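Containing compact mmCIF, C-alpha atoms: entry-v2.txt.
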# COMPACT_ATOMS: atom_id res chain seq x y z
CA MET A 1 10.01 36.42 28.73
CA ALA A 2 6.87 34.99 27.12
CA THR A 3 6.94 33.98 23.48
CA GLU A 4 4.86 36.07 21.11
CA TYR A 5 3.30 33.68 18.63
CA ARG A 6 2.58 34.71 15.04
CA CYS A 7 -0.54 32.56 15.01
CA THR A 8 -2.57 30.27 17.24
CA TYR A 9 -1.19 27.24 15.38
CA HIS A 10 2.33 28.07 16.61
CA LYS A 11 1.03 28.34 20.17
CA LEU A 12 -0.62 24.93 19.77
CA LEU A 13 2.59 23.41 18.40
CA ASP A 14 4.58 24.80 21.30
CA GLU A 15 2.10 23.40 23.81
CA VAL A 16 1.92 19.97 22.17
CA VAL A 17 5.61 19.40 21.43
CA GLY A 18 7.30 18.06 24.52
CA HIS A 19 10.84 19.22 25.12
CA ASP A 20 11.98 15.64 25.56
CA ILE A 21 10.91 14.34 22.13
CA LEU A 22 13.21 16.48 19.98
CA SER A 23 16.98 16.35 19.69
CA ASP A 24 18.88 19.33 21.08
CA VAL A 25 19.40 20.87 17.63
CA ALA A 26 15.77 20.34 16.58
CA GLN A 27 14.51 21.78 19.88
CA LYS A 28 16.71 24.86 19.54
CA LEU A 29 15.70 25.29 15.90
CA PHE A 30 12.02 25.04 16.85
CA GLU A 31 12.51 27.70 19.53
CA VAL A 32 14.28 29.96 17.02
CA PHE A 33 11.40 29.61 14.56
CA LEU A 34 8.83 30.36 17.27
CA ALA A 35 10.67 33.49 18.35
CA THR A 36 11.25 34.84 14.85
CA LYS A 37 8.61 36.53 12.75
CA THR A 38 10.47 36.65 9.44
CA PRO A 39 11.97 33.95 7.20
CA LEU A 40 15.51 33.07 8.21
CA HIS A 41 18.43 32.38 5.92
CA LEU A 42 20.48 29.25 6.55
CA GLY A 43 23.36 31.41 7.82
CA ASP A 44 21.05 33.02 10.37
CA LEU A 45 19.83 29.60 11.48
CA LEU A 46 23.40 28.40 11.96
CA ARG A 47 24.25 31.45 14.04
CA LEU A 48 21.08 31.35 16.14
CA VAL A 49 21.19 27.60 16.77
CA PHE A 50 24.90 26.99 17.28
CA ASP A 51 26.30 30.20 18.78
CA GLY A 52 26.58 29.84 22.52
CA GLU A 53 24.77 26.85 23.93
CA LEU A 54 25.22 23.96 21.50
CA ASP A 55 28.39 22.14 20.47
CA GLU A 56 30.56 24.66 18.62
CA THR A 57 33.22 22.06 17.81
CA LEU A 58 31.25 20.97 14.75
CA SER A 59 32.54 22.12 11.37
CA ARG A 60 30.36 24.48 9.34
CA ARG A 61 29.43 21.55 7.06
CA GLU A 62 28.44 19.40 10.04
CA GLN A 63 26.37 22.28 11.42
CA LYS A 64 24.54 22.63 8.08
CA GLU A 65 23.89 18.88 8.04
CA SER A 66 22.57 19.12 11.61
CA ILE A 67 20.15 21.89 10.57
CA VAL A 68 18.89 19.80 7.61
CA GLU A 69 18.43 16.77 9.89
CA ALA A 70 16.65 18.95 12.47
CA ILE A 71 14.24 20.26 9.81
CA GLU A 72 13.51 16.66 8.79
CA GLU A 73 13.00 15.76 12.45
CA LEU A 74 10.57 18.65 12.92
CA TRP A 75 8.61 17.50 9.86
CA ALA A 76 8.58 13.96 11.29
CA HIS A 77 6.76 15.45 14.30
CA ALA A 78 4.35 17.34 11.99
CA ILE A 79 6.03 20.69 12.59
CA PRO A 80 6.00 22.38 9.18
CA VAL A 81 9.25 24.13 8.31
CA MET A 82 8.68 25.73 4.94
CA SER A 83 11.26 26.79 2.40
CA TYR A 84 10.21 30.39 1.83
CA ARG A 85 12.59 30.91 -1.05
CA LYS A 86 16.01 29.49 -1.81
CA GLY A 87 17.92 29.32 1.46
CA TYR A 88 15.21 30.93 3.61
CA TYR A 89 13.01 29.01 6.04
CA VAL A 90 9.95 29.80 8.09
CA LEU A 91 7.65 27.90 10.40
CA GLY A 92 4.44 27.05 8.54
CA GLU A 93 1.32 28.73 9.89
CA ASN A 94 -1.33 26.32 8.76
CA PRO A 95 -2.11 22.71 9.71
CA TYR A 96 -3.37 22.27 6.14
CA LEU A 97 0.29 22.45 5.00
CA VAL A 98 1.12 19.42 7.13
CA SER A 99 -1.83 17.55 5.68
CA CYS A 100 -0.76 18.41 2.13
CA GLU A 101 2.80 17.29 2.81
CA MET A 102 1.58 13.98 4.23
CA ASP A 103 -0.57 13.48 1.12
CA ARG A 104 2.43 14.26 -1.09
CA ILE A 105 4.58 11.75 0.80
CA GLU A 106 1.86 9.09 0.52
CA GLU A 107 1.74 9.64 -3.25
CA GLU A 108 5.52 9.38 -3.43
CA ILE A 109 5.43 6.11 -1.47
CA LYS A 110 2.76 4.76 -3.80
CA ARG A 111 4.82 5.73 -6.85
CA LEU A 112 7.94 4.10 -5.39
CA GLN A 113 6.03 0.92 -4.51
CA GLU A 114 4.75 0.68 -8.09
CA ARG A 115 8.28 1.22 -9.39
CA LEU A 116 9.63 -1.46 -7.05
CA ALA A 117 6.96 -3.93 -8.14
CA SER A 118 7.84 -3.29 -11.78
CA MET A 119 11.55 -3.72 -11.07
CA ARG A 120 10.91 -7.03 -9.29
CA SER A 121 8.77 -8.30 -12.14
CA CYS A 122 11.34 -7.34 -14.76
CA PHE A 123 14.15 -8.82 -12.70
CA ALA A 124 12.24 -12.10 -12.35
CA GLU A 125 11.73 -12.18 -16.13
CA GLN A 126 15.44 -11.52 -16.73
CA VAL A 127 16.50 -14.29 -14.34
CA SER A 128 13.96 -16.67 -15.84
CA TYR A 129 15.14 -15.84 -19.37
CA GLY A 130 18.78 -16.41 -18.35
CA ARG A 131 17.92 -19.84 -16.96
CA ARG A 132 16.02 -20.86 -20.12
CA ARG A 133 18.99 -19.94 -22.33
CA ARG A 134 21.33 -22.34 -20.54
Rewritten as structure tokens:
Amino acid sequence: MATEYRCTYHKLLDEVVGHDILSDVAQKLFEVFLATKTPLHLGDLLRLVFDGELDETLSRREQKESIVEAIEELWAHAIPVMSYRKGYYVLGENPYLVSCEMDRIEEEIKRLQERLASMRSCFAEQVSYGRRRR
């Protein structure tokens, strides 16, 4: 059965993403998002991803952690999984969202680098002050 895509961007993602680059959980999650037209609750994601094919020996907590890791993996491959509202997720429909998220991450990295530089400077001053007091 052919997948009905909600938008051309989803079709593009499906064509570009090779089945060998994603982990089993991330691949299954991606397929679930492509096949579903409405936002899915975490419970639905757990049921759709883990019932049947994948390892069912994982505890519920481990399954939730696997879903979170899979969402992060999808984002790492520029596949936008959006939090629709608390506990609901949907596949983003716009490449602009990916661009905005990358910009946000770059700003966060810049902020953290500035914080690290300040911490190093203050630490060096503290160590230097401690040596002078001896």
If we count only C-alpha atoms, what is near Ser83 in chain A at a cut-off of 10 Å, once residues fewer than 4 positions away on the same chain are taken out, given as a ChimeraX atom specification?
/A:39-41,87-92
Write out as an mmCIF file with C-alpha atoms, keeping the file's coordinate frame each polymer residue whose atoms come within 10 Å of Ala26 in chain A, counting only C-alpha atoms; drop sequence neighbours fewer than 4 positions from it.
data_model
loop_
_atom_site.group_PDB
_atom_site.id
_atom_site.type_symbol
_atom_site.label_atom_id
_atom_site.label_comp_id
_atom_site.auth_asym_id
_atom_site.auth_seq_id
_atom_site.Cartn_x
_atom_site.Cartn_y
_atom_site.Cartn_z
ATOM 1 C CA HIS A 19 10.840 19.220 25.120
ATOM 2 C CA ILE A 21 10.910 14.340 22.130
ATOM 3 C CA LEU A 22 13.210 16.480 19.980
ATOM 4 C CA PHE A 30 12.020 25.040 16.850
ATOM 5 C CA GLU A 31 12.510 27.700 19.530
ATOM 6 C CA VAL A 32 14.280 29.960 17.020
ATOM 7 C CA VAL A 49 21.190 27.600 16.770
ATOM 8 C CA SER A 66 22.570 19.120 11.610
ATOM 9 C CA ILE A 67 20.150 21.890 10.570
ATOM 10 C CA VAL A 68 18.890 19.800 7.610
ATOM 11 C CA GLU A 69 18.430 16.770 9.890
ATOM 12 C CA ALA A 70 16.650 18.950 12.470
ATOM 13 C CA ILE A 71 14.240 20.260 9.810
ATOM 14 C CA GLU A 72 13.510 16.660 8.790
ATOM 15 C CA GLU A 73 13.000 15.760 12.450
ATOM 16 C CA LEU A 74 10.570 18.650 12.920
#
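Taking only C-alpha atoms into account, Ala35 in chain A lies nearest to A:Lys11 out of the set A:Arg85, A:Lys11, A:Arg115, A:Arg61.
The spacing separating CA of Ile105 in chain A from CA of Arg6 in chain A amounts to 27.1 Å.
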Any chance you could build range 55-67 of chain A out to N, CA and C atoms and write it as an mmCIF file, keeping the file's coordinate frame?
data_model
loop_
_atom_site.group_PDB
_atom_site.id
_atom_site.type_symbol
_atom_site.label_atom_id
_atom_site.label_comp_id
_atom_site.auth_asym_id
_atom_site.auth_seq_id
_atom_site.Cartn_x
_atom_site.Cartn_y
_atom_site.Cartn_z
ATOM 1 N N ASP A 55 27.027 22.543 20.799
ATOM 2 C CA ASP A 55 28.390 22.140 20.470
ATOM 3 C C ASP A 55 28.963 22.973 19.325
ATOM 4 N N GLU A 56 29.932 23.817 19.633
ATOM 5 C CA GLU A 56 30.560 24.660 18.620
ATOM 6 C C GLU A 56 31.769 23.992 17.987
ATOM 7 N N THR A 57 32.065 22.764 18.373
ATOM 8 C CA THR A 57 33.220 22.060 17.810
ATOM 9 C C THR A 57 32.893 21.458 16.448
ATOM 10 N N LEU A 58 31.642 21.493 16.055
ATOM 11 C CA LEU A 58 31.250 20.970 14.750
ATOM 12 C C LEU A 58 31.747 21.896 13.645
ATOM 13 N N SER A 59 32.148 21.310 12.522
ATOM 14 C CA SER A 59 32.540 22.120 11.370
ATOM 15 C C SER A 59 31.293 22.787 10.801
ATOM 16 N N ARG A 60 31.485 23.769 9.954
ATOM 17 C CA ARG A 60 30.360 24.480 9.340
ATOM 18 C C ARG A 60 29.499 23.480 8.536
ATOM 19 N N ARG A 61 30.154 22.563 7.831
ATOM 20 C CA ARG A 61 29.430 21.550 7.060
ATOM 21 C C ARG A 61 28.587 20.664 7.974
ATOM 22 N N GLU A 62 29.159 20.243 9.088
ATOM 23 C CA GLU A 62 28.440 19.400 10.040
ATOM 24 C C GLU A 62 27.266 20.165 10.664
ATOM 25 N N GLN A 63 27.464 21.466 10.900
ATOM 26 C CA GLN A 63 26.370 22.280 11.420
ATOM 27 C C GLN A 63 25.228 22.370 10.408
ATOM 28 N N LYS A 64 25.570 22.576 9.126
ATOM 29 C CA LYS A 64 24.540 22.630 8.080
ATOM 30 C C LYS A 64 23.785 21.306 8.008
ATOM 31 N N GLU A 65 24.524 20.195 8.062
ATOM 32 C CA GLU A 65 23.890 18.880 8.040
ATOM 33 C C GLU A 65 22.971 18.697 9.243
ATOM 34 N N SER A 66 23.389 19.209 10.394
ATOM 35 C CA SER A 66 22.570 19.120 11.610
ATOM 36 C C SER A 66 21.277 19.915 11.451
ATOM 37 N N ILE A 67 21.352 21.075 10.805
ATOM 38 C CA ILE A 67 20.150 21.890 10.570
ATOM 39 C C ILE A 67 19.195 21.143 9.632
#
